[in-house]
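Next up, structure-v4.cif (mmCIF, C-alpha atoms and all ligand atoms):
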```
data_input
#
loop_
_atom_site.label_atom_id
_atom_site.label_comp_id
_atom_site.auth_asym_id
_atom_site.auth_seq_id
_atom_site.Cartn_x
_atom_site.Cartn_y
_atom_site.Cartn_z
CA MET A 30 -23.36 5.53 24.35
CA SER A 31 -23.67 8.78 22.38
CA LEU A 32 -20.41 10.47 21.50
CA VAL A 33 -21.98 13.80 20.63
CA ASN A 34 -20.09 16.56 22.54
CA THR A 35 -16.99 14.31 22.81
CA THR A 36 -13.82 15.83 21.36
CA ALA A 37 -11.93 13.59 18.99
CA LYS A 38 -8.78 14.24 16.96
CA LYS A 39 -7.95 14.21 13.27
CA VAL A 40 -4.85 14.72 11.13
CA VAL A 41 -5.23 17.35 8.42
CA LEU A 42 -3.14 18.66 5.54
CA HIS A 43 -1.27 21.67 6.93
CA SER A 44 0.80 22.65 3.86
CA TYR A 45 1.52 21.23 0.42
CA PRO A 46 4.81 19.28 0.53
CA GLU A 47 7.74 20.94 -1.22
CA GLY A 48 9.97 18.10 -2.44
CA ASN A 49 10.36 15.45 0.24
CA LEU A 50 7.42 15.00 2.60
CA LYS A 51 7.83 16.33 6.18
CA ALA A 52 5.80 15.58 9.31
CA SER A 53 5.15 19.34 9.55
CA ASP A 54 3.12 19.15 6.32
CA PHE A 55 0.42 17.66 8.56
CA ALA A 56 -1.31 18.98 11.70
CA VAL A 57 -3.24 17.22 14.46
CA GLU A 58 -6.47 19.04 15.39
CA ASP A 59 -9.34 18.56 17.83
CA CYS A 60 -12.72 18.03 16.22
CA PRO A 61 -16.26 17.32 17.37
CA VAL A 62 -17.72 13.86 16.74
CA PRO A 63 -19.96 14.17 13.67
CA GLU A 64 -23.72 13.83 14.09
CA LEU A 65 -25.52 10.90 12.50
CA THR A 66 -28.08 11.49 9.78
CA ASP A 67 -30.34 8.94 8.08
CA GLY A 68 -28.34 6.55 5.88
CA THR A 69 -25.04 7.07 7.75
CA PHE A 70 -23.07 5.41 10.55
CA LEU A 71 -20.20 6.29 12.86
CA VAL A 72 -17.00 4.26 12.84
CA ARG A 73 -14.45 4.26 15.64
CA ASN A 74 -11.13 3.77 13.86
CA ILE A 75 -8.87 1.15 15.42
CA PHE A 76 -6.06 0.81 12.86
CA VAL A 77 -5.29 3.55 10.34
CA SER A 78 -3.16 3.05 7.25
CA VAL A 79 -0.21 5.01 5.86
CA ASP A 80 0.18 4.57 2.10
CA PRO A 81 2.55 6.02 -0.51
CA MET A 82 -0.43 6.89 -2.75
CA LEU A 83 -1.47 9.52 -0.19
CA ARG A 84 1.69 11.44 -1.20
CA ILE A 85 0.08 11.94 -4.62
CA PHE A 86 -3.26 13.12 -3.22
CA ILE A 87 -1.67 15.78 -1.00
CA ASP A 88 0.54 17.25 -3.70
CA LYS A 89 -0.24 20.80 -4.81
CA MET A 90 -0.44 19.46 -8.36
CA PRO A 91 -1.06 15.69 -8.08
CA LEU A 92 1.32 13.90 -10.49
CA GLY A 93 1.85 17.23 -12.22
CA SER A 94 -1.68 17.00 -13.59
CA LYS A 95 -4.19 19.78 -13.78
CA SER A 96 -7.01 17.26 -14.22
CA MET A 97 -6.72 15.89 -10.67
CA PRO A 98 -7.67 18.59 -8.15
CA SER A 99 -5.43 19.17 -5.15
CA LEU A 100 -6.78 18.48 -1.68
CA PRO A 101 -7.73 21.76 0.08
CA ILE A 102 -5.47 22.70 3.03
CA GLY A 103 -7.19 21.69 6.27
CA THR A 104 -8.76 18.52 4.80
CA THR A 105 -8.60 15.34 6.89
CA ILE A 106 -6.07 12.98 5.27
CA PRO A 107 -8.21 10.44 3.38
CA GLY A 108 -6.36 7.30 4.48
CA ALA A 109 -7.84 3.83 4.77
CA ALA A 110 -8.75 2.51 8.21
CA VAL A 111 -10.38 -0.42 9.90
CA GLY A 112 -12.74 0.11 12.79
CA GLU A 113 -15.97 -0.69 14.57
CA VAL A 114 -19.40 0.72 13.79
CA ILE A 115 -20.51 2.40 17.01
CA GLU A 116 -23.83 4.00 15.99
CA SER A 117 -25.86 3.49 12.86
CA ARG A 118 -28.85 4.86 11.00
CA HIS A 119 -27.83 2.89 7.89
CA PRO A 120 -29.92 -0.14 6.87
CA ASP A 121 -26.89 -2.32 6.01
CA PHE A 122 -24.55 -1.60 8.92
CA LYS A 123 -25.14 -2.07 12.63
CA ALA A 124 -23.23 -1.28 15.81
CA GLY A 125 -20.48 -3.84 16.36
CA ASP A 126 -19.74 -4.45 12.65
CA ILE A 127 -16.02 -4.44 11.85
CA VAL A 128 -15.47 -2.53 8.62
CA GLU A 129 -12.70 -1.23 6.39
CA GLY A 130 -12.90 1.89 4.25
CA ARG A 131 -11.37 5.26 3.49
CA PHE A 132 -12.40 6.59 6.92
CA GLY A 133 -9.51 9.05 7.14
CA TRP A 134 -6.80 9.79 9.67
CA GLN A 135 -9.10 10.47 12.62
CA HIS A 136 -10.64 8.89 15.71
CA ILE A 137 -14.26 8.84 14.54
CA ALA A 138 -15.57 8.88 10.97
CA LEU A 139 -19.04 9.38 9.53
CA SER A 140 -19.73 7.10 6.56
CA ASN A 141 -22.58 6.55 4.11
CA GLY A 142 -21.27 3.03 3.37
CA GLN A 143 -19.76 3.83 -0.03
CA GLY A 144 -16.54 1.88 -0.62
CA VAL A 145 -16.86 0.16 2.76
CA ASN A 146 -15.93 -3.52 3.11
CA ARG A 147 -16.90 -5.82 5.95
CA VAL A 148 -13.79 -7.48 7.36
CA PRO A 149 -14.04 -11.25 6.86
CA ALA A 150 -13.63 -13.27 10.07
CA GLY A 151 -11.13 -15.48 8.21
CA TYR A 152 -8.56 -12.66 8.13
CA GLY A 153 -7.47 -13.38 11.71
CA GLY A 154 -6.47 -9.99 13.12
CA ILE A 155 -8.59 -7.09 11.85
CA GLU A 156 -5.40 -5.14 11.06
CA ASN A 157 -4.86 -7.58 8.18
CA ALA A 158 -7.73 -5.80 6.42
CA LEU A 159 -5.21 -3.02 5.74
CA GLY A 160 -2.43 -5.40 4.65
CA ILE A 161 -2.70 -8.70 2.84
CA GLY A 162 -6.52 -8.50 2.98
CA GLY A 163 -6.72 -4.83 1.99
CA LEU A 164 -5.30 -2.39 -0.53
CA PRO A 165 -1.76 -3.89 -0.72
CA GLY A 166 -3.01 -7.48 -0.99
CA PHE A 167 -5.69 -6.54 -3.52
CA THR A 168 -3.07 -4.66 -5.57
CA ALA A 169 -0.86 -7.77 -5.56
CA TYR A 170 -3.85 -9.92 -6.56
CA ILE A 171 -4.96 -7.63 -9.40
CA GLY A 172 -1.38 -7.27 -10.65
CA LEU A 173 -0.85 -11.03 -10.74
CA ASN A 174 -4.22 -11.47 -12.48
CA THR A 175 -3.16 -8.88 -15.05
CA ALA A 176 -0.05 -10.98 -15.66
CA GLY A 177 -2.24 -14.02 -16.30
CA GLY A 178 -1.59 -15.67 -12.93
CA VAL A 179 1.44 -17.41 -11.48
CA LYS A 180 2.85 -19.88 -14.01
CA PRO A 181 5.09 -22.86 -13.31
CA GLY A 182 8.70 -22.37 -14.42
CA GLN A 183 8.39 -18.60 -14.45
CA THR A 184 10.11 -16.09 -12.18
CA VAL A 185 8.42 -12.97 -10.84
CA LEU A 186 10.79 -10.14 -9.88
CA VAL A 187 9.41 -7.52 -7.45
CA SER A 188 10.86 -4.07 -6.71
CA GLY A 189 10.03 -2.43 -3.38
CA ALA A 190 9.70 -6.05 -2.27
CA ALA A 191 9.85 -5.27 1.46
CA GLY A 192 6.99 -2.78 1.22
CA ALA A 193 3.33 -3.55 1.84
CA VAL A 194 2.52 -4.43 -1.79
CA GLY A 195 5.86 -6.15 -2.43
CA SER A 196 5.55 -8.43 0.58
CA ALA A 197 1.97 -9.27 -0.44
CA VAL A 198 3.13 -10.13 -3.98
CA GLY A 199 5.86 -12.39 -2.61
CA ALA A 200 3.51 -14.13 -0.19
CA LEU A 201 0.85 -14.69 -2.88
CA VAL A 202 3.32 -16.00 -5.48
CA LYS A 203 4.79 -18.44 -2.95
CA ALA A 204 1.35 -19.52 -1.69
CA ARG A 205 0.41 -20.27 -5.32
CA GLY A 206 3.57 -22.33 -5.87
CA GLY A 207 5.58 -19.86 -7.96
CA ARG A 208 9.14 -18.54 -7.82
CA VAL A 209 9.71 -14.97 -6.66
CA VAL A 210 12.78 -12.78 -6.39
CA GLY A 211 12.77 -9.42 -4.62
CA ILE A 212 14.70 -6.16 -4.73
CA ALA A 213 15.01 -4.42 -1.36
CA GLY A 214 17.19 -1.81 0.30
CA GLY A 215 19.39 -3.35 2.98
CA GLU A 216 20.33 -6.61 4.65
CA ASP A 217 17.57 -6.45 7.31
CA LYS A 218 14.89 -6.25 4.64
CA ARG A 219 16.58 -9.02 2.62
CA ARG A 220 16.50 -11.31 5.66
CA TYR A 221 12.89 -10.37 6.48
CA LEU A 222 11.76 -11.25 2.97
CA ILE A 223 13.54 -14.60 2.88
CA ASP A 224 12.86 -15.69 6.47
CA LYS A 225 9.34 -14.30 7.03
CA VAL A 226 7.70 -13.80 3.66
CA GLY A 227 9.25 -16.75 1.83
CA TYR A 228 11.02 -15.01 -1.08
CA ASP A 229 13.30 -17.40 -2.98
CA ALA A 230 16.06 -14.78 -3.31
CA VAL A 231 16.48 -11.07 -2.71
CA ALA A 232 18.95 -8.61 -4.25
CA ASP A 233 20.01 -5.68 -2.06
CA ARG A 234 19.77 -2.53 -4.20
CA LEU A 235 22.08 -0.68 -1.80
CA SER A 236 24.87 -3.27 -2.06
CA PRO A 237 27.83 -2.69 -4.45
CA ASP A 238 27.27 -6.16 -5.93
CA PHE A 239 23.54 -5.63 -6.54
CA HIS A 240 23.86 -6.69 -10.18
CA ALA A 241 25.86 -9.80 -9.34
CA GLN A 242 23.12 -10.77 -6.87
CA LEU A 243 20.44 -10.19 -9.51
CA ALA A 244 22.31 -12.22 -12.11
CA GLU A 245 22.70 -15.13 -9.70
CA ALA A 246 19.02 -15.06 -8.69
CA LEU A 247 17.75 -14.81 -12.27
CA PRO A 248 19.43 -17.55 -14.35
CA ASP A 249 16.40 -17.83 -16.66
CA GLY A 250 15.57 -14.13 -16.71
CA VAL A 251 12.47 -12.32 -15.47
CA HIS A 252 9.10 -13.39 -16.83
CA VAL A 253 7.10 -10.83 -14.86
CA TYR A 254 8.66 -7.70 -13.35
CA PHE A 255 6.22 -6.36 -10.73
CA ASP A 256 7.51 -2.80 -10.49
CA ASN A 257 6.47 -0.75 -7.45
CA VAL A 258 9.22 1.82 -7.83
CA GLY A 259 9.65 3.19 -11.38
CA GLY A 260 12.48 5.72 -11.75
CA PRO A 261 15.92 4.71 -13.05
CA MET A 262 15.60 1.09 -11.80
CA LEU A 263 13.37 0.10 -14.73
CA ALA A 264 16.19 0.58 -17.25
CA GLU A 265 18.57 -1.37 -14.97
CA ILE A 266 16.22 -4.35 -14.92
CA MET A 267 15.65 -4.51 -18.68
CA PRO A 268 18.78 -6.62 -19.41
CA TYR A 269 17.39 -9.33 -17.08
CA MET A 270 14.01 -9.57 -18.79
CA ALA A 271 13.25 -12.90 -20.50
CA PHE A 272 12.07 -12.87 -24.11
CA GLY A 273 8.41 -11.84 -24.19
CA GLY A 274 8.52 -10.88 -20.50
CA LEU A 275 6.02 -8.50 -18.95
CA VAL A 276 6.76 -5.36 -16.96
CA LEU A 277 3.80 -4.58 -14.71
CA ILE A 278 3.77 -0.96 -13.59
CA SER A 279 2.22 -1.09 -10.14
CA GLY A 280 3.60 2.15 -8.72
CA LEU A 281 6.29 4.81 -8.94
CA MET A 282 7.75 5.17 -5.44
CA ALA A 283 10.93 6.75 -6.83
CA GLN A 284 8.94 9.50 -8.54
CA TYR A 285 6.28 10.58 -6.02
CA GLN A 286 8.47 13.14 -4.26
CA GLY A 287 9.11 15.15 -7.41
CA ASN A 288 11.55 14.52 -10.24
CA LYS A 289 14.39 13.28 -8.01
CA GLY A 290 13.88 9.71 -9.15
CA ALA A 291 14.24 10.58 -12.81
CA GLY A 292 18.06 10.55 -12.57
CA ALA A 293 20.48 12.52 -14.68
CA THR A 294 20.35 10.34 -17.79
CA ASP A 295 17.53 9.53 -20.17
CA ASN A 296 16.67 5.87 -19.51
CA LEU A 297 14.07 5.56 -22.21
CA PRO A 298 16.47 4.27 -24.92
CA ALA A 299 17.55 1.33 -22.71
CA VAL A 300 13.91 0.48 -22.02
CA LEU A 301 12.94 0.71 -25.70
CA HIS A 302 15.91 -1.47 -26.63
CA ALA A 303 14.47 -4.32 -24.54
CA VAL A 304 10.94 -3.65 -25.77
CA MET A 305 12.11 -4.06 -29.36
CA GLY A 306 14.91 -6.64 -28.99
CA LYS A 307 13.19 -8.97 -26.52
CA GLY A 308 9.52 -8.30 -27.21
CA VAL A 309 9.12 -7.06 -23.65
CA ARG A 310 5.66 -5.69 -22.88
CA ILE A 311 4.99 -2.88 -20.41
CA GLN A 312 1.56 -2.64 -18.85
CA GLY A 313 0.13 -0.53 -16.04
CA PHE A 314 -2.74 -1.63 -13.86
CA SER A 315 -4.84 -0.28 -11.03
CA GLN A 316 -6.83 -2.02 -8.34
CA TYR A 317 -9.30 0.89 -8.42
CA GLY A 318 -12.59 0.01 -10.07
CA GLN A 319 -11.98 -3.73 -9.67
CA ASP A 320 -14.56 -4.28 -6.92
CA ALA A 321 -16.19 -7.14 -8.85
CA LEU A 322 -13.03 -9.19 -8.17
CA ARG A 323 -13.08 -8.49 -4.43
CA PRO A 324 -15.11 -11.56 -3.34
CA GLY A 325 -12.72 -13.95 -5.15
CA PHE A 326 -9.76 -12.14 -3.60
CA GLU A 327 -11.18 -12.32 -0.05
CA GLU A 328 -12.02 -16.00 -0.52
CA GLU A 329 -8.45 -16.81 -1.62
CA ILE A 330 -6.88 -14.84 1.25
CA CYS A 331 -9.14 -16.49 3.87
CA SER A 332 -8.43 -19.92 2.44
CA LEU A 333 -4.64 -19.36 2.33
CA ILE A 334 -4.66 -18.04 5.91
CA SER A 335 -6.74 -20.95 7.16
CA SER A 336 -4.48 -23.52 5.45
CA GLY A 337 -1.38 -21.84 6.93
CA ALA A 338 0.00 -21.00 3.44
CA LEU A 339 -0.20 -17.29 4.34
CA LYS A 340 1.01 -15.94 7.66
CA PRO A 341 0.06 -12.29 7.55
CA GLU A 342 2.03 -9.72 9.49
CA VAL A 343 1.71 -5.96 9.92
CA HIS A 344 3.99 -3.48 11.68
CA VAL A 345 2.09 -1.46 14.26
CA VAL A 346 2.97 2.10 15.26
CA GLU A 347 1.14 3.53 18.29
CA GLY A 348 -1.05 6.62 18.43
CA LEU A 349 -2.87 8.95 16.03
CA GLU A 350 -0.20 11.63 16.57
CA ALA A 351 2.38 9.22 15.05
CA LEU A 352 0.63 9.16 11.65
CA PRO A 353 2.57 12.03 9.97
CA GLN A 354 5.99 10.59 10.80
CA ALA A 355 4.85 7.07 9.85
CA GLN A 356 3.85 8.41 6.42
CA VAL A 357 7.19 10.23 6.01
CA ASP A 358 9.08 7.04 6.95
CA LEU A 359 7.58 5.18 3.96
CA PHE A 360 9.89 7.24 1.73
CA GLU A 361 12.98 7.05 3.94
CA ASN A 362 13.93 3.38 3.41
CA SER A 363 13.07 2.70 7.04
CA THR A 364 9.84 0.68 7.00
CA THR A 365 9.28 -3.02 6.37
CA GLY A 366 6.05 -4.71 5.34
CA LYS A 367 2.65 -3.12 5.90
CA VAL A 368 2.71 -0.27 8.43
CA VAL A 369 -0.48 0.61 10.33
CA VAL A 370 -1.08 3.02 13.20
CA ARG A 371 -3.15 1.90 16.16
CA VAL A 372 -5.47 4.70 17.21
CA VAL A 373 -5.86 5.13 20.96
CA PRO A 374 -9.53 4.85 21.98
CA LEU A 375 -11.42 7.92 23.17
CA PRO A 376 -12.31 8.19 26.86
CA GLY A 377 -15.18 5.82 27.60
CA GLN A 378 -14.42 3.60 24.58
CA SER A 379 -12.93 0.14 24.96
CA ALA A 380 -9.70 -0.78 23.11
N1 LIG B 401 -1.54 0.00 -9.03
C1 LIG B 401 -2.29 0.07 -7.93
O1 LIG B 401 -3.49 -0.12 -7.96
C2 LIG B 401 -1.62 0.37 -6.62
C3 LIG B 401 -2.35 0.32 -5.42
C4 LIG B 401 -1.68 0.55 -4.21
C5 LIG B 401 -0.32 0.87 -4.22
N2 LIG B 401 0.34 0.94 -5.42
C6 LIG B 401 1.76 1.28 -5.48
O2 LIG B 401 2.53 0.23 -4.97
C7 LIG B 401 3.80 0.77 -4.60
C8 LIG B 401 4.22 0.18 -3.27
O3 LIG B 401 3.30 0.58 -2.26
P1 LIG B 401 3.50 0.08 -0.77
O4 LIG B 401 2.26 0.37 -0.04
O5 LIG B 401 4.06 -1.28 -0.80
O6 LIG B 401 4.67 1.07 -0.27
P2 LIG B 401 5.69 0.89 0.93
O7 LIG B 401 5.18 -0.08 1.90
O8 LIG B 401 6.02 2.26 1.37
O9 LIG B 401 6.97 0.24 0.23
C9 LIG B 401 7.53 0.76 -0.89
C10 LIG B 401 8.96 0.29 -1.08
O10 LIG B 401 9.51 1.09 -2.12
C11 LIG B 401 10.89 1.22 -1.95
N3 LIG B 401 11.28 2.60 -2.21
C12 LIG B 401 10.87 3.70 -1.57
N4 LIG B 401 11.41 4.79 -2.11
C13 LIG B 401 12.20 4.34 -3.14
C14 LIG B 401 13.04 4.96 -4.09
N5 LIG B 401 13.20 6.29 -4.12
N6 LIG B 401 13.66 4.18 -5.00
C15 LIG B 401 13.52 2.84 -4.98
N7 LIG B 401 12.74 2.19 -4.08
C16 LIG B 401 12.10 2.94 -3.19
C17 LIG B 401 11.21 0.81 -0.53
O11 LIG B 401 11.91 -0.40 -0.68
P3 LIG B 401 13.49 -0.56 -0.54
O12 LIG B 401 14.05 0.72 -0.02
O13 LIG B 401 13.61 -1.70 0.38
O14 LIG B 401 13.94 -0.87 -1.92
C18 LIG B 401 9.87 0.48 0.11
O15 LIG B 401 9.92 -0.70 0.87
C19 LIG B 401 3.67 2.27 -4.58
O16 LIG B 401 4.29 2.79 -5.73
C20 LIG B 401 2.17 2.49 -4.64
O17 LIG B 401 1.84 3.69 -5.24
C21 LIG B 401 -0.29 0.68 -6.60
#
```
Now, as a test, write the supplied structure out as structure tokens.
Amino acid sequence: MSLVNTTAKKVVLHSYPEGNLKASDFAVEDCPVPELTDGTFLVRNIFVSVDPMLRIFIDKMPLGSKSMPSLPIGTTIPGAAVGEVIESRHPDFKAGDIVEGRFGWQHIALSNGQGVNRVPAGYGGIENALGIGGLPGFTAYIGLNTAGGVKPGQTVLVSGAAGAVGSAVGALVKARGGRVVGIAGGEDKRRYLIDKVGYDAVADRLSPDFHAQLAEALPDGVHVYFDNVGGPMLAEIMPYMAFGGLVLISGLMAQYQGNKGAGATDNLPAVLHAVMGKGVRIQGFSQYGQDALRPGFEEEICSLISSGALKPEVHVVEGLEALPQAQVDLFENSTTGKVVVRVVPLPGQSA
């Protein structure tokens, strides 16, 4: 069925966020379904992803840098999505294929196939292609590879543990037989991580005895600190690092909304003290540009799901119009695990 002349919807950037993100920084607009050209295909989005990294892309000056251009106002938010190919004039994709890619916050996307992954049948639900089998899971996988794998006798500490990446790190470390301790904000998240994800212990960063909880959970120190948060927490963790431990900088949640996360004091001396005194190493990594490792990643995820060692879970929010608030909620300590938005089908399309 041709969708030309059907009206779809998209979410666009309405204004550059000033400080904390607001739902009104986005706008929902009607749009025509794009026309196919040779070498392209149309995807009907089914699940669309909200991700903290999008906060960087929509900043007026992304990460304060002049080298990364800002997204023009009115641009469709370039989020990841999983959907079904509905029409194709591309040699490698046919109608009915289930694919994942940066299809944007919209009902229907036109793609030339660049950066598009087929969703392996072994993922179970296709929404897992945005969670453990997608960007968060791949980030966890690349981070753990960067640390040299999961080693017996070592402890991995994860900040933002109840987020999409943090829960994937915990699940992967446990599935590989390692020990993992999380940092999360609140008792509900602590329980979720221990009961559902399998974390060995979790310290509640909002509790007055946060440091007592950390000390109890880390008798041998931290061998790998998988840091999703940055900000002042890094200096607080340094005293727990084991000699020769590794700090992996995965992300900077506490810094994406401006300088709020920097805190009033200069934390660098405390960090440098541990770098010198304990031989702690600090290393950043990115999953971008690591496509060559994708087949090995997908194989491991499928195998862990099929053996029951991984039980993936995503949190589903309903409706394209809910995307702006779902993105805002990522920064409000109110989401747990991987959050995806189910996009309501257009008239005449099946769910
Ligand atoms: N390196 C890479 O290639 C790569 C790729 C993708 C994502 N990332 C990064 O990975 C990180 C996590 O992404 P995600 O998708 O898991 O995000 P998420 O699902 O939104 O979870 C992030 C977690 O961060 C914590 N958090 C939020 N604001 C915070 C603050 N101001 N201070 C301390 N903690 C805060 C929250 O945990 P609590 O409130 O429970 O502590 C939240 O659960 C992000 O920094 C992202 O940029 C990196």
Of A:Gln183, A:Asn174, A:Ser53, A:Ser140, the one sitting nearest Phe272 (chain A) when using only C-alpha atoms is A:Gln183
8 Å shell around ligand LIG 401 (chain B) using only C-alpha atoms and all ligand atoms, listed as JSON, numbers by chain = {"A": [79, 80, 81, 82, 164, 165, 167, 168, 171, 172, 188, 189, 190, 191, 192, 193, 194, 195, 196, 212, 213, 214, 215, 218, 233, 234, 256, 257, 258, 259, 260, 262, 278, 279, 280, 281, 282, 283, 284, 290, 313, 314, 315, 316, 317, 358, 359, 360, 361, 362, 363, 364, 365, 366, 367, 368]}
If we count only C-alpha atoms, what is near Gly178 (chain A) at a cut-off of 10 Å, once residues fewer than 5 positions away on the same chain are taken out, given as number ranges by chain?
-> A: 170-173, 202, 205, 207
Go ahead and save the residues from that selection, with C-alpha atoms, as a JSON list (two decimals), keeping the file's coordinate frame.
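Once written, selection09.json looks like this:
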```json
[["chain", "number", "residue", "atom", "x", "y", "z"],
["A", 170, "TYR", "CA", -3.85, -9.92, -6.56],
["A", 171, "ILE", "CA", -4.96, -7.63, -9.40],
["A", 172, "GLY", "CA", -1.38, -7.27, -10.65],
["A", 173, "LEU", "CA", -0.85, -11.03, -10.74],
["A", 202, "VAL", "CA", 3.32, -16.00, -5.48],
["A", 205, "ARG", "CA", 0.41, -20.27, -5.32],
["A", 207, "GLY", "CA", 5.58, -19.86, -7.96]]
```
Excluding Val210 (chain A) and any residue of its chain fewer than 6 positions from it, enumerate the residues within 9 Å of it, using all atoms listed in the file, and give them as a ChimeraX atom specification.
-> /A:184-188,190,199,228-232,243,246-247
Could you write those residues out with C-alpha atoms, as a PDB file, keeping the file's coordinate frame?
```
ATOM      1  CA  THR A 184      10.110 -16.090 -12.180  1.00  0.00           C
ATOM      2  CA  VAL A 185       8.420 -12.970 -10.840  1.00  0.00           C
ATOM      3  CA  LEU A 186      10.790 -10.140  -9.880  1.00  0.00           C
ATOM      4  CA  VAL A 187       9.410  -7.520  -7.450  1.00  0.00           C
ATOM      5  CA  SER A 188      10.860  -4.070  -6.710  1.00  0.00           C
ATOM      6  CA  ALA A 190       9.700  -6.050  -2.270  1.00  0.00           C
ATOM      7  CA  GLY A 199       5.860 -12.390  -2.610  1.00  0.00           C
ATOM      8  CA  TYR A 228      11.020 -15.010  -1.080  1.00  0.00           C
ATOM      9  CA  ASP A 229      13.300 -17.400  -2.980  1.00  0.00           C
ATOM     10  CA  ALA A 230      16.060 -14.780  -3.310  1.00  0.00           C
ATOM     11  CA  VAL A 231      16.480 -11.070  -2.710  1.00  0.00           C
ATOM     12  CA  ALA A 232      18.950  -8.610  -4.250  1.00  0.00           C
ATOM     13  CA  LEU A 243      20.440 -10.190  -9.510  1.00  0.00           C
ATOM     14  CA  ALA A 246      19.020 -15.060  -8.690  1.00  0.00           C
ATOM     15  CA  LEU A 247      17.750 -14.810 -12.270  1.00  0.00           C
TER      16      LEU A 247
END
```
In terms of the shortest atom-to-atom distance over only C-alpha atoms, which of A:Cys60, A:Ile87, A:Leu333, A:Met97 is closest to Tyr45 (chain A)?
->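 Answer, going by the shortest atom-to-atom distance: A:Ile87.
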Using only C-alpha atoms, pick whichever of A:Ile115, A:Ala124, A:Ala204, A:Val209 has the shortest atom-to-atom distance to Asn74 (chain A).
->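 Looking only at the distances to Asn74 (chain A), the closest residue turns out to be A:Ile115.
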Give me, as a PDB file with C-alpha atoms, in the frame of the given file, all polymer residues having an atom no more than 12 Å from Ala299 (chain A), counting all atoms listed in the file and skipping those fewer than 2 positions away in the same chain.
```pdb
ATOM      1  CA  PRO A 261      15.920   4.710 -13.050  1.00  0.00           C
ATOM      2  CA  MET A 262      15.600   1.090 -11.800  1.00  0.00           C
ATOM      3  CA  LEU A 263      13.370   0.100 -14.730  1.00  0.00           C
ATOM      4  CA  ALA A 264      16.190   0.580 -17.250  1.00  0.00           C
ATOM      5  CA  GLU A 265      18.570  -1.370 -14.970  1.00  0.00           C
ATOM      6  CA  ILE A 266      16.220  -4.350 -14.920  1.00  0.00           C
ATOM      7  CA  MET A 267      15.650  -4.510 -18.680  1.00  0.00           C
ATOM      8  CA  PRO A 268      18.780  -6.620 -19.410  1.00  0.00           C
ATOM      9  CA  THR A 294      20.350  10.340 -17.790  1.00  0.00           C
ATOM     10  CA  ASP A 295      17.530   9.530 -20.170  1.00  0.00           C
ATOM     11  CA  ASN A 296      16.670   5.870 -19.510  1.00  0.00           C
ATOM     12  CA  LEU A 297      14.070   5.560 -22.210  1.00  0.00           C
ATOM     13  CA  LEU A 301      12.940   0.710 -25.700  1.00  0.00           C
ATOM     14  CA  HIS A 302      15.910  -1.470 -26.630  1.00  0.00           C
ATOM     15  CA  ALA A 303      14.470  -4.320 -24.540  1.00  0.00           C
ATOM     16  CA  VAL A 304      10.940  -3.650 -25.770  1.00  0.00           C
ATOM     17  CA  MET A 305      12.110  -4.060 -29.360  1.00  0.00           C
ATOM     18  CA  GLY A 306      14.910  -6.640 -28.990  1.00  0.00           C
ATOM     19  CA  LYS A 307      13.190  -8.970 -26.520  1.00  0.00           C
ATOM     20  CA  VAL A 309       9.120  -7.060 -23.650  1.00  0.00           C
TER      21      VAL A 309
END
```
Between A:Phe326, A:Ser44, A:Ile161, A:Ser117, single out the one closest to Gly142 (chain A), counting all atoms listed in the file.
->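 That would be A:Ser117, the residue with the smallest distance to Gly142 (chain A).
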